[in-house]
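Visitor: So I've got this file, run.cif, and it contains mmCIF, C-alpha atoms, pLDDT in the B column; chains and numbers go by the auth columns:
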```cif
data_run
loop_
_atom_site.group_PDB
_atom_site.id
_atom_site.type_symbol
_atom_site.label_atom_id
_atom_site.label_comp_id
_atom_site.label_asym_id
_atom_site.label_seq_id
_atom_site.Cartn_x
_atom_site.Cartn_y
_atom_site.Cartn_z
_atom_site.B_iso_or_equiv
_atom_site.auth_seq_id
_atom_site.auth_asym_id
ATOM 1 C CA MET A 1 -30.830 -69.521 -28.244 84.00 211 S
ATOM 2 C CA LEU A 2 -27.335 -67.984 -28.099 89.00 212 S
ATOM 3 C CA GLU A 3 -28.820 -64.810 -26.611 94.00 213 S
ATOM 4 C CA MET A 4 -29.496 -66.796 -23.424 97.00 214 S
ATOM 5 C CA PHE A 5 -25.730 -67.067 -22.914 98.00 215 S
ATOM 6 C CA SER A 6 -25.007 -63.394 -23.548 98.00 216 S
ATOM 7 C CA LEU A 7 -23.731 -61.249 -20.694 98.00 217 S
ATOM 8 C CA GLU A 8 -24.100 -57.996 -22.621 97.00 218 S
ATOM 9 C CA GLY A 9 -24.537 -55.132 -20.160 96.00 219 S
ATOM 10 C CA LYS A 10 -23.752 -57.273 -17.108 98.00 220 S
ATOM 11 C CA ASN A 11 -21.114 -56.365 -14.530 98.00 221 S
ATOM 12 C CA VAL A 12 -19.132 -59.210 -13.020 98.00 222 S
ATOM 13 C CA ILE A 13 -16.893 -59.285 -9.942 99.00 223 S
ATOM 14 C CA VAL A 14 -14.192 -61.973 -9.986 98.00 224 S
ATOM 15 C CA THR A 15 -11.880 -62.529 -7.026 98.00 225 S
ATOM 16 C CA GLY A 16 -8.449 -63.985 -7.651 98.00 226 S
ATOM 17 C CA ALA A 17 -8.524 -62.354 -11.078 98.00 227 S
ATOM 18 C CA ASN A 18 -4.824 -61.900 -11.716 97.00 228 S
ATOM 19 C CA THR A 19 -3.957 -65.443 -12.804 94.00 229 S
ATOM 20 C CA GLY A 20 -5.120 -68.995 -13.442 94.00 230 S
ATOM 21 C CA LEU A 21 -8.803 -69.876 -13.307 97.00 231 S
ATOM 22 C CA GLY A 22 -9.822 -66.359 -12.301 97.00 232 S
ATOM 23 C CA GLN A 23 -8.040 -64.796 -15.236 97.00 233 S
ATOM 24 C CA GLY A 24 -9.556 -67.332 -17.629 97.00 234 S
ATOM 25 C CA MET A 25 -13.068 -66.584 -16.382 98.00 235 S
ATOM 26 C CA CYS A 26 -12.512 -62.823 -16.685 98.00 236 S
ATOM 27 C CA VAL A 27 -11.622 -63.275 -20.351 98.00 237 S
ATOM 28 C CA ALA A 28 -14.650 -65.505 -20.914 98.00 238 S
ATOM 29 C CA PHE A 29 -17.004 -62.956 -19.347 98.00 239 S
ATOM 30 C CA ALA A 30 -15.560 -60.216 -21.538 98.00 240 S
ATOM 31 C CA GLU A 31 -16.062 -62.367 -24.631 97.00 241 S
ATOM 32 C CA ALA A 32 -19.694 -62.807 -23.589 98.00 242 S
ATOM 33 C CA GLY A 33 -20.130 -59.026 -23.370 98.00 243 S
ATOM 34 C CA ALA A 34 -19.674 -58.269 -19.665 98.00 244 S
ATOM 35 C CA ASN A 35 -17.691 -55.610 -17.839 98.00 245 S
ATOM 36 C CA VAL A 36 -15.302 -57.112 -15.300 98.00 246 S
ATOM 37 C CA CYS A 37 -14.227 -55.950 -11.854 98.00 247 S
ATOM 38 C CA GLY A 38 -11.134 -58.011 -10.981 98.00 248 S
ATOM 39 C CA VAL A 39 -10.039 -58.424 -7.373 98.00 249 S
ATOM 40 C CA ALA A 40 -6.571 -59.606 -6.349 98.00 250 S
ATOM 41 C CA ARG A 41 -3.685 -58.958 -3.988 96.00 251 S
ATOM 42 C CA ARG A 42 -1.354 -58.372 -6.929 94.00 252 S
ATOM 43 C CA SER A 43 -1.661 -56.408 -10.146 96.00 253 S
ATOM 44 C CA CYS A 44 -4.234 -57.575 -12.679 97.00 254 S
ATOM 45 C CA GLU A 45 -2.470 -55.757 -15.523 97.00 255 S
ATOM 46 C CA GLU A 46 -2.192 -58.893 -17.663 97.00 256 S
ATOM 47 C CA THR A 47 -5.858 -59.761 -17.105 98.00 257 S
ATOM 48 C CA LYS A 48 -6.867 -56.189 -17.922 98.00 258 S
ATOM 49 C CA LYS A 49 -5.007 -56.392 -21.236 98.00 259 S
ATOM 50 C CA LEU A 50 -6.623 -59.719 -22.143 98.00 260 S
ATOM 51 C CA VAL A 51 -10.113 -58.458 -21.264 98.00 261 S
ATOM 52 C CA GLU A 52 -9.684 -55.264 -23.252 97.00 262 S
ATOM 53 C CA GLU A 53 -8.453 -57.260 -26.249 96.00 263 S
ATOM 54 C CA LYS A 54 -11.872 -58.932 -26.194 95.00 264 S
ATOM 55 C CA GLY A 55 -13.577 -55.540 -26.173 94.00 265 S
ATOM 56 C CA GLY A 56 -14.494 -55.545 -22.473 95.00 266 S
ATOM 57 C CA ARG A 57 -14.022 -52.961 -19.752 98.00 267 S
ATOM 58 C CA PHE A 58 -11.921 -53.938 -16.763 98.00 268 S
ATOM 59 C CA ILE A 59 -11.358 -52.300 -13.399 98.00 269 S
ATOM 60 C CA GLU A 60 -9.020 -53.551 -10.722 98.00 270 S
ATOM 61 C CA VAL A 61 -9.489 -53.706 -6.968 98.00 271 S
ATOM 62 C CA MET A 62 -6.327 -54.459 -5.035 98.00 272 S
ATOM 63 C CA ALA A 63 -7.387 -56.288 -1.888 98.00 273 S
ATOM 64 C CA ASP A 64 -6.016 -58.754 0.640 97.00 274 S
ATOM 65 C CA LEU A 65 -8.763 -61.337 1.124 98.00 275 S
ATOM 66 C CA SER A 66 -7.257 -62.839 4.253 97.00 276 S
ATOM 67 C CA SER A 67 -9.770 -60.655 6.117 97.00 277 S
ATOM 68 C CA THR A 68 -13.250 -59.294 5.446 98.00 278 S
ATOM 69 C CA GLU A 69 -12.046 -55.682 5.602 98.00 279 S
ATOM 70 C CA PRO A 70 -12.174 -55.082 1.802 98.00 280 S
ATOM 71 C CA VAL A 71 -15.653 -56.578 1.299 98.00 281 S
ATOM 72 C CA LYS A 72 -17.685 -53.359 1.189 98.00 282 S
ATOM 73 C CA ARG A 73 -15.033 -51.546 -0.879 98.00 283 S
ATOM 74 C CA ILE A 74 -15.094 -54.270 -3.537 98.00 284 S
ATOM 75 C CA ILE A 75 -18.859 -54.022 -4.043 98.00 285 S
ATOM 76 C CA ASP A 76 -18.787 -50.213 -3.867 98.00 286 S
ATOM 77 C CA THR A 77 -16.086 -49.984 -6.535 98.00 287 S
ATOM 78 C CA CYS A 78 -17.982 -52.162 -8.992 98.00 288 S
ATOM 79 C CA ILE A 79 -21.273 -50.325 -8.480 98.00 289 S
ATOM 80 C CA ASN A 80 -19.689 -46.856 -8.575 98.00 290 S
ATOM 81 C CA GLU A 81 -17.766 -47.621 -11.769 98.00 291 S
ATOM 82 C CA PHE A 82 -20.267 -49.726 -13.703 98.00 292 S
ATOM 83 C CA GLY A 83 -23.624 -48.816 -12.115 98.00 293 S
ATOM 84 C CA SER A 84 -24.440 -52.262 -10.742 98.00 294 S
ATOM 85 C CA ALA A 85 -22.985 -55.598 -9.649 98.00 295 S
ATOM 86 C CA ASP A 86 -24.812 -58.443 -11.389 98.00 296 S
ATOM 87 C CA VAL A 87 -22.564 -61.476 -10.941 99.00 297 S
ATOM 88 C CA LEU A 88 -20.120 -62.404 -8.182 99.00 298 S
ATOM 89 C CA VAL A 89 -17.526 -65.129 -8.712 99.00 299 S
ATOM 90 C CA ASN A 90 -15.861 -66.219 -5.467 98.00 300 S
ATOM 91 C CA ASN A 91 -12.719 -67.665 -7.015 98.00 301 S
ATOM 92 C CA ALA A 92 -9.861 -66.501 -4.773 97.00 302 S
ATOM 93 C CA GLY A 93 -8.440 -69.277 -2.651 96.00 303 S
ATOM 94 C CA MET A 94 -5.318 -70.533 -0.964 95.00 304 S
ATOM 95 C CA ILE A 95 -3.887 -73.894 -0.006 94.00 305 S
ATOM 96 C CA LYS A 96 -1.263 -74.865 2.560 95.00 306 S
ATOM 97 C CA ARG A 97 0.135 -78.382 2.371 93.00 307 S
ATOM 98 C CA GLU A 98 1.110 -79.931 5.697 97.00 308 S
ATOM 99 C CA ASP A 99 0.579 -83.138 7.631 98.00 309 S
ATOM 100 C CA ALA A 100 -2.537 -82.791 9.773 98.00 310 S
ATOM 101 C CA LEU A 101 -0.414 -83.447 12.882 98.00 311 S
ATOM 102 C CA ASN A 102 1.655 -80.337 12.157 98.00 312 S
ATOM 103 C CA VAL A 103 -0.952 -77.790 10.992 98.00 313 S
ATOM 104 C CA THR A 104 -0.762 -74.610 13.070 98.00 314 S
ATOM 105 C CA GLU A 105 -3.790 -72.656 14.217 98.00 315 S
ATOM 106 C CA GLU A 106 -2.466 -69.626 12.336 98.00 316 S
ATOM 107 C CA ASP A 107 -2.293 -71.493 9.029 98.00 317 S
ATOM 108 C CA TRP A 108 -5.669 -73.142 9.605 98.00 318 S
ATOM 109 C CA ASN A 109 -7.341 -69.786 10.250 98.00 319 S
ATOM 110 C CA MET A 110 -5.660 -68.130 7.261 98.00 320 S
ATOM 111 C CA VAL A 111 -6.962 -70.762 4.829 98.00 321 S
ATOM 112 C CA LEU A 112 -10.463 -70.631 6.326 98.00 322 S
ATOM 113 C CA ASN A 113 -10.476 -66.821 6.205 98.00 323 S
ATOM 114 C CA VAL A 114 -9.680 -66.669 2.480 98.00 324 S
ATOM 115 C CA ASN A 115 -11.587 -69.727 1.290 98.00 325 S
ATOM 116 C CA LEU A 116 -14.710 -69.517 3.445 98.00 326 S
ATOM 117 C CA ASN A 117 -15.172 -66.425 5.605 98.00 327 S
ATOM 118 C CA VAL A 118 -14.605 -63.889 2.822 98.00 328 S
ATOM 119 C CA VAL A 119 -16.695 -65.993 0.423 98.00 329 S
ATOM 120 C CA PHE A 120 -19.652 -65.819 2.811 98.00 330 S
ATOM 121 C CA PHE A 121 -19.409 -62.151 3.756 98.00 331 S
ATOM 122 C CA LEU A 122 -18.700 -60.964 0.208 98.00 332 S
ATOM 123 C CA SER A 123 -21.741 -62.945 -0.936 99.00 333 S
ATOM 124 C CA GLN A 124 -23.776 -61.431 1.887 98.00 334 S
ATOM 125 C CA GLU A 125 -22.848 -57.841 0.952 98.00 335 S
ATOM 126 C CA PHE A 126 -23.406 -58.553 -2.754 98.00 336 S
ATOM 127 C CA ALA A 127 -26.845 -60.054 -2.038 98.00 337 S
ATOM 128 C CA LYS A 128 -27.856 -57.133 0.185 98.00 338 S
ATOM 129 C CA ARG A 129 -27.132 -54.646 -2.612 98.00 339 S
ATOM 130 C CA ALA A 130 -28.987 -56.735 -5.197 98.00 340 S
ATOM 131 C CA ILE A 131 -32.053 -57.086 -2.974 98.00 341 S
ATOM 132 C CA GLU A 132 -32.028 -53.382 -2.043 98.00 342 S
ATOM 133 C CA SER A 133 -32.000 -52.403 -5.733 97.00 343 S
ATOM 134 C CA ASN A 134 -34.512 -55.122 -6.684 97.00 344 S
ATOM 135 C CA ARG A 135 -32.081 -56.648 -9.192 97.00 345 S
ATOM 136 C CA LYS A 136 -31.688 -60.282 -10.150 98.00 346 S
ATOM 137 C CA ALA A 137 -28.161 -61.510 -9.547 98.00 347 S
ATOM 138 C CA LYS A 138 -25.908 -64.554 -9.731 98.00 348 S
ATOM 139 C CA ILE A 139 -23.301 -65.898 -7.344 99.00 349 S
ATOM 140 C CA ILE A 140 -20.803 -68.522 -8.500 99.00 350 S
ATOM 141 C CA ASN A 141 -18.627 -70.129 -5.842 99.00 351 S
ATOM 142 C CA ILE A 142 -15.531 -72.093 -6.769 98.00 352 S
ATOM 143 C CA CYS A 143 -15.457 -75.404 -4.941 98.00 353 S
ATOM 144 C CA SER A 144 -13.052 -78.292 -5.539 97.00 354 S
ATOM 145 C CA MET A 145 -12.813 -82.063 -5.857 96.00 355 S
ATOM 146 C CA LEU A 146 -12.007 -81.784 -2.149 97.00 356 S
ATOM 147 C CA SER A 147 -15.546 -80.555 -1.591 98.00 357 S
ATOM 148 C CA TYR A 148 -16.318 -84.273 -1.988 97.00 358 S
ATOM 149 C CA GLN A 149 -13.099 -86.020 -0.954 97.00 359 S
ATOM 150 C CA GLY A 150 -10.612 -85.818 1.895 97.00 360 S
ATOM 151 C CA GLY A 151 -7.388 -85.126 0.067 94.00 361 S
ATOM 152 C CA ILE A 152 -3.888 -85.585 1.464 92.00 362 S
ATOM 153 C CA ARG A 153 -2.034 -83.054 3.641 95.00 363 S
ATOM 154 C CA VAL A 154 -4.605 -80.294 3.031 97.00 364 S
ATOM 155 C CA PRO A 155 -7.096 -80.548 5.938 98.00 365 S
ATOM 156 C CA ALA A 156 -7.873 -76.817 6.127 98.00 366 S
ATOM 157 C CA TYR A 157 -8.405 -76.568 2.375 98.00 367 S
ATOM 158 C CA THR A 158 -10.674 -79.629 2.416 98.00 368 S
ATOM 159 C CA ALA A 159 -12.671 -78.202 5.322 98.00 369 S
ATOM 160 C CA SER A 160 -13.098 -74.860 3.575 98.00 370 S
ATOM 161 C CA LYS A 161 -14.097 -76.261 0.199 98.00 371 S
ATOM 162 C CA SER A 162 -16.550 -78.726 1.764 98.00 372 S
ATOM 163 C CA ALA A 163 -18.071 -75.776 3.599 98.00 373 S
ATOM 164 C CA VAL A 164 -18.344 -73.704 0.407 98.00 374 S
ATOM 165 C CA ASN A 165 -20.273 -76.569 -1.159 98.00 375 S
ATOM 166 C CA GLY A 166 -22.609 -76.465 1.836 98.00 376 S
ATOM 167 C CA ILE A 167 -23.182 -72.722 1.955 98.00 377 S
ATOM 168 C CA THR A 168 -23.924 -72.749 -1.780 98.00 378 S
ATOM 169 C CA LYS A 169 -27.007 -74.788 -0.913 98.00 379 S
ATOM 170 C CA ALA A 170 -27.797 -72.828 2.255 98.00 380 S
ATOM 171 C CA LEU A 171 -27.692 -69.446 0.504 99.00 381 S
ATOM 172 C CA CYS A 172 -29.799 -70.781 -2.344 98.00 382 S
ATOM 173 C CA ASN A 173 -32.474 -71.774 0.161 98.00 383 S
ATOM 174 C CA GLU A 174 -32.654 -68.209 1.523 98.00 384 S
ATOM 175 C CA TRP A 175 -32.036 -66.127 -1.591 98.00 385 S
ATOM 176 C CA ALA A 176 -33.561 -68.003 -4.547 98.00 386 S
ATOM 177 C CA ALA A 177 -36.986 -66.467 -3.947 98.00 387 S
ATOM 178 C CA LYS A 178 -35.325 -63.032 -3.836 98.00 388 S
ATOM 179 C CA GLY A 179 -33.995 -63.388 -7.388 98.00 389 S
ATOM 180 C CA ILE A 180 -30.467 -64.532 -6.605 98.00 390 S
ATOM 181 C CA ASN A 181 -29.076 -67.747 -8.070 99.00 391 S
ATOM 182 C CA VAL A 182 -26.311 -69.300 -5.971 99.00 392 S
ATOM 183 C CA ASN A 183 -24.371 -72.083 -7.645 99.00 393 S
ATOM 184 C CA ALA A 184 -20.819 -73.410 -7.694 99.00 394 S
ATOM 185 C CA ILE A 185 -18.232 -74.982 -9.936 98.00 395 S
ATOM 186 C CA ALA A 186 -15.978 -77.761 -8.689 98.00 396 S
ATOM 187 C CA PRO A 187 -12.898 -77.820 -10.910 97.00 397 S
ATOM 188 C CA GLY A 188 -10.961 -81.034 -11.205 97.00 398 S
ATOM 189 C CA TYR A 189 -7.173 -81.111 -11.276 94.00 399 S
ATOM 190 C CA MET A 190 -6.317 -77.911 -13.121 94.00 400 S
ATOM 191 C CA GLU A 191 -2.977 -76.473 -14.203 91.00 401 S
ATOM 192 C CA THR A 192 -2.763 -73.512 -11.801 84.00 402 S
ATOM 193 C CA ASN A 193 -0.380 -72.022 -9.235 77.00 403 S
ATOM 194 C CA ASN A 194 -2.087 -74.044 -6.487 73.00 404 S
ATOM 195 C CA THR A 195 -1.234 -77.348 -8.184 81.00 405 S
ATOM 196 C CA LYS A 196 2.339 -76.630 -9.314 80.00 406 S
ATOM 197 C CA GLU A 197 3.800 -78.725 -6.497 80.00 407 S
ATOM 198 C CA ILE A 198 1.676 -81.780 -7.336 85.00 408 S
ATOM 199 C CA LYS A 199 2.171 -81.488 -11.085 84.00 409 S
ATOM 200 C CA ALA A 200 5.936 -81.278 -10.598 85.00 410 S
ATOM 201 C CA ASP A 201 5.835 -84.636 -8.797 85.00 411 S
ATOM 202 C CA SER A 202 5.903 -86.957 -11.809 87.00 412 S
ATOM 203 C CA GLN A 203 4.599 -89.995 -9.921 91.00 413 S
ATOM 204 C CA ARG A 204 1.705 -88.097 -8.352 88.00 414 S
ATOM 205 C CA SER A 205 0.856 -86.327 -11.601 91.00 415 S
ATOM 206 C CA GLU A 206 0.818 -89.594 -13.508 92.00 416 S
ATOM 207 C CA ALA A 207 -1.411 -91.216 -10.891 92.00 417 S
ATOM 208 C CA ILE A 208 -3.860 -88.313 -11.210 94.00 418 S
ATOM 209 C CA ILE A 209 -3.960 -88.519 -14.998 95.00 419 S
ATOM 210 C CA ASP A 210 -4.514 -92.286 -14.792 96.00 420 S
ATOM 211 C CA ARG A 211 -7.704 -91.663 -12.812 96.00 421 S
ATOM 212 C CA ILE A 212 -9.100 -88.933 -15.076 97.00 422 S
ATOM 213 C CA PRO A 213 -11.193 -90.553 -17.837 98.00 423 S
ATOM 214 C CA GLN A 214 -10.237 -87.786 -20.277 97.00 424 S
ATOM 215 C CA GLY A 215 -6.577 -88.529 -19.602 97.00 425 S
ATOM 216 C CA ARG A 216 -5.278 -85.007 -18.978 96.00 426 S
ATOM 217 C CA TRP A 217 -5.107 -82.175 -16.487 95.00 427 S
ATOM 218 C CA GLY A 218 -7.658 -79.416 -16.947 96.00 428 S
ATOM 219 C CA LYS A 219 -6.817 -75.907 -18.148 94.00 429 S
ATOM 220 C CA PRO A 220 -8.352 -72.558 -17.175 93.00 430 S
ATOM 221 C CA SER A 221 -10.091 -72.494 -20.570 94.00 431 S
ATOM 222 C CA ASP A 222 -12.006 -75.662 -19.597 97.00 432 S
ATOM 223 C CA LEU A 223 -13.903 -73.631 -16.993 97.00 433 S
ATOM 224 C CA MET A 224 -15.066 -70.895 -19.346 97.00 434 S
ATOM 225 C CA GLY A 225 -18.247 -72.550 -20.625 98.00 435 S
ATOM 226 C CA ALA A 226 -19.456 -73.530 -17.170 98.00 436 S
ATOM 227 C CA ALA A 227 -18.845 -70.020 -15.856 98.00 437 S
ATOM 228 C CA ILE A 228 -20.754 -68.399 -18.730 98.00 438 S
ATOM 229 C CA PHE A 229 -23.645 -70.824 -18.266 98.00 439 S
ATOM 230 C CA LEU A 230 -24.017 -70.117 -14.546 98.00 440 S
ATOM 231 C CA ALA A 231 -23.620 -66.341 -15.019 98.00 441 S
ATOM 232 C CA SER A 232 -26.141 -66.082 -17.851 98.00 442 S
ATOM 233 C CA SER A 233 -29.917 -66.365 -18.150 98.00 443 S
ATOM 234 C CA ALA A 234 -29.414 -69.870 -19.551 98.00 444 S
ATOM 235 C CA SER A 235 -29.173 -71.038 -15.914 98.00 445 S
ATOM 236 C CA ASP A 236 -32.042 -69.010 -14.450 98.00 446 S
ATOM 237 C CA TYR A 237 -33.703 -72.131 -13.004 98.00 447 S
ATOM 238 C CA VAL A 238 -30.455 -73.697 -11.766 98.00 448 S
ATOM 239 C CA ASN A 239 -29.935 -73.012 -8.078 98.00 449 S
ATOM 240 C CA GLY A 240 -27.975 -74.516 -5.211 98.00 450 S
ATOM 241 C CA PHE A 241 -26.037 -76.843 -7.520 98.00 451 S
ATOM 242 C CA THR A 242 -22.310 -77.549 -7.767 98.00 452 S
ATOM 243 C CA LEU A 243 -21.195 -78.382 -11.306 98.00 453 S
ATOM 244 C CA ALA A 244 -18.098 -80.577 -11.532 98.00 454 S
ATOM 245 C CA VAL A 245 -15.711 -79.701 -14.353 98.00 455 S
ATOM 246 C CA ASP A 246 -13.310 -82.552 -13.767 98.00 456 S
ATOM 247 C CA GLY A 247 -12.760 -84.600 -16.904 98.00 457 S
ATOM 248 C CA GLY A 248 -14.767 -87.388 -15.281 98.00 458 S
ATOM 249 C CA TRP A 249 -12.729 -87.641 -12.043 97.00 459 S
ATOM 250 C CA LEU A 250 -15.777 -88.082 -9.794 97.00 460 S
ATOM 251 C CA ALA A 251 -17.236 -90.719 -12.110 96.00 461 S
ATOM 252 C CA ARG A 252 -14.355 -93.021 -11.126 93.00 462 S
#
```
Would you mind writing the structure in this file as structure tokens?
Guide:
Amino acid sequence: MLEMFSLEGKNVIVTGANTGLGQGMCVAFAEAGANVCGVARRSCEETKKLVEEKGGRFIEVMADLSSTEPVKRIIDTCINEFGSADVLVNNAGMIKREDALNVTEEDWNMVLNVNLNVVFFLSQEFAKRAIESNRKAKIINICSMLSYQGGIRVPAYTASKSAVNGITKALCNEWAAKGINVNAIAPGYMETNNTKEIKADSQRSEAIIDRIPQGRWGKPSDLMGAAIFLASSASDYVNGFTLAVDGGWLAR
């Protein structure tokens, strides 16, 4: 049974790999036997060290995902170095907090570029290569609780994450028969760089914890099992689904 969860011999691309949830997933994939291609704007040196401590191979692609320019280079690097690209994790994201009345077009477009446009076109390029080489592959998108809810002072982020939830289903409908599983994970309130501002607000943080049935914020390690499941053969008949890892937040 445990062999179903093995990623031995698989090559995984993770965007936003230098910290937080992305870093945690990179380490999990290495523990499961995969090679990891980490993508980030900043150095992934710490992630590389953690992956190699688990016995995995790690290569870094420095890329600014505010445009689609690096898309082909990311896939090329993974394939050239490891021989194939078997799993894509669209984790990189950004958030800008502002009252909806004051959001600028520039900020709106920047959030949508990183959180949605690059997710789609990186998935498209990844799928093209998999189909051309007749390989089965997995795509894991990272959604959010705001794929389901409106949020406060984050309209662009909410729009992007709702859209990622939607394209997860749309891409499944087109690519499932071609051997590509497209699923997503919707993390709950996690301790990451994106949530530092909220967590530092004691009243807001306490209100969030009060709503979470498990009574705590999530940690990057809480996402590891879900990521391994969706990347492995254990989920071969799971497609077009968004798995909430939220401590029960949505159940309330």
Visitor: As an exercise, work out the distance from atom CA of Ser415 of chain S to atom CA of Phe451 of chain S in Å and give it to one decimal place.
Guide: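 Answer for the atom CA of Ser415 of chain S to atom CA of Phe451 of chain S separation: 28.8 Å.
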Visitor: Around segment 327-344 of chain S, fit a box with edges along x, y and z, padding it by 5 Å on each side, then list its centre and edge lengths in Å to one decimal as JSON.
Guide:
```
{"center_x": -24.6, "center_y": -59.4, "center_z": -0.5, "size_x": 29.9, "size_y": 24.0, "size_z": 22.3}
```
Visitor: Could you name the residues that touch segment 325-328 of chain S at 8 Å or less, counting all atoms listed in the file, but leaving out those on the same chain fewer than 6 positions away, as a list in words?
Guide: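 Surrounding residues, per the criterion: Leu275, Ser276, Ser277, Thr278, Val281, Ala302, Gly303, Met304, Tyr367, Ser370, Lys371, Ala373 and Val374 of chain S.
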Visitor: Find the residues with any atom within 12 Å of (1.4, -81.1, -8.6); use all atoms listed in the file and the coordinates as given in the file, and write the answer as a list in words.
Guide: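 The residues that fall inside the cut-off are Arg307, Tyr399, Met400, Glu401, Thr402, Asn403, Asn404, Thr405, Lys406, Glu407, Ile408, Lys409, Ala410, Asp411, Ser412, Gln413, Arg414, Ser415, Glu416, Ala417, Ile418, Ile419 and Trp427 of chain S.
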Visitor: Which residues match the PyMOL selection byres ((chain S and resi 350-366) around 7) in the file above, as a PyMOL selection string?
Guide: chain S and resi 298-301+306-310+318+321-322+348-349+367-372+374-375+392-398
Visitor: Could you state which residues are captured by the PyMOL selection byres ((chain S and resi 422-424) around 7) in this file, as an MDAnalysis selection string?
Guide: chainID S and resid 418:421 425:426 457:459
Visitor: Which one is closest to Leu381 of chain S: S:Gly428, S:Pro280, S:Asn449, S:Ser442? Count all atoms listed in the file.
Guide: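 For Leu381 of chain S, the nearest of the candidates is S:Asn449.
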Visitor: Between atom CA of Thr287 of chain S and atom CA of Ala240 of chain S, measure the distance and give it in Å to one decimal.
Guide: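 That distance, rounded to one decimal, is 18.2 Å.
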Visitor: Which residues are close to Glu255 of chain S, i.e. within 12 Å by all atoms listed in the file, leaving aside same-chain residues fewer than 5 positions away? Reply as a ChimeraX atom specification.
Guide: /S:227-229,233,248-250,260-262,268-272
Visitor: I need the residues from that last selection saved to file as a compact mmCIF listing (two decimals), in the coordinates of the input (with C-alpha atoms), if you can.
Guide:
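File part.txt, as written:
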```
# COMPACT_ATOMS: atom_id res chain seq x y z
CA ALA S 227 -8.52 -62.35 -11.08
CA ASN S 228 -4.82 -61.90 -11.72
CA THR S 229 -3.96 -65.44 -12.80
CA GLN S 233 -8.04 -64.80 -15.24
CA GLY S 248 -11.13 -58.01 -10.98
CA VAL S 249 -10.04 -58.42 -7.37
CA ALA S 250 -6.57 -59.61 -6.35
CA LEU S 260 -6.62 -59.72 -22.14
CA VAL S 261 -10.11 -58.46 -21.26
CA GLU S 262 -9.68 -55.26 -23.25
CA PHE S 268 -11.92 -53.94 -16.76
CA ILE S 269 -11.36 -52.30 -13.40
CA GLU S 270 -9.02 -53.55 -10.72
CA VAL S 271 -9.49 -53.71 -6.97
CA MET S 272 -6.33 -54.46 -5.04
```
Visitor: Between atom CA of Arg283 of chain S and atom CA of Val448 of chain S, measure the distance and give it in Å to one decimal.
Guide: 29.1 Å
Visitor: Would you fill out segment 422-435 of chain S with N, CA and C atoms and return it as a JSON list (two decimals), in the coordinates of the input?
Guide:
```json
[["chain", "number", "residue", "atom", "x", "y", "z"],
["S", 422, "ILE", "N", -8.21, -89.83, -14.33],
["S", 422, "ILE", "CA", -9.10, -88.93, -15.08],
["S", 422, "ILE", "C", -9.50, -89.59, -16.39],
["S", 423, "PRO", "N", -10.78, -89.89, -16.60],
["S", 423, "PRO", "CA", -11.19, -90.55, -17.84],
["S", 423, "PRO", "C", -10.74, -89.84, -19.11],
["S", 424, "GLN", "N", -10.68, -88.51, -19.08],
["S", 424, "GLN", "CA", -10.24, -87.79, -20.28],
["S", 424, "GLN", "C", -8.73, -87.81, -20.46],
["S", 425, "GLY", "N", -8.00, -88.29, -19.45],
["S", 425, "GLY", "CA", -6.58, -88.53, -19.60],
["S", 425, "GLY", "C", -5.69, -87.31, -19.62],
["S", 426, "ARG", "N", -6.12, -86.20, -19.03],
["S", 426, "ARG", "CA", -5.28, -85.01, -18.98],
["S", 426, "ARG", "C", -5.69, -84.10, -17.84],
["S", 427, "TRP", "N", -4.77, -83.23, -17.44],
["S", 427, "TRP", "CA", -5.11, -82.18, -16.49],
["S", 427, "TRP", "C", -6.02, -81.16, -17.18],
["S", 428, "GLY", "N", -6.84, -80.48, -16.40],
["S", 428, "GLY", "CA", -7.66, -79.42, -16.95],
["S", 428, "GLY", "C", -6.88, -78.12, -17.11],
["S", 429, "LYS", "N", -7.41, -77.22, -17.92],
["S", 429, "LYS", "CA", -6.82, -75.91, -18.15],
["S", 429, "LYS", "C", -7.85, -74.84, -17.79],
["S", 430, "PRO", "N", -7.39, -73.62, -17.48],
["S", 430, "PRO", "CA", -8.35, -72.56, -17.18],
["S", 430, "PRO", "C", -9.44, -72.40, -18.24],
["S", 431, "SER", "N", -9.10, -72.63, -19.50],
["S", 431, "SER", "CA", -10.09, -72.49, -20.57],
["S", 431, "SER", "C", -11.22, -73.52, -20.44],
["S", 432, "ASP", "N", -10.97, -74.64, -19.76],
["S", 432, "ASP", "CA", -12.01, -75.66, -19.60],
["S", 432, "ASP", "C", -13.14, -75.19, -18.69],
["S", 433, "LEU", "N", -12.89, -74.14, -17.92],
["S", 433, "LEU", "CA", -13.90, -73.63, -16.99],
["S", 433, "LEU", "C", -14.79, -72.56, -17.62],
["S", 434, "MET", "N", -14.38, -72.06, -18.77],
["S", 434, "MET", "CA", -15.07, -70.90, -19.35],
["S", 434, "MET", "C", -16.54, -71.15, -19.63],
["S", 435, "GLY", "N", -16.86, -72.27, -20.26],
["S", 435, "GLY", "CA", -18.25, -72.55, -20.62],
["S", 435, "GLY", "C", -19.15, -72.68, -19.42]]
```
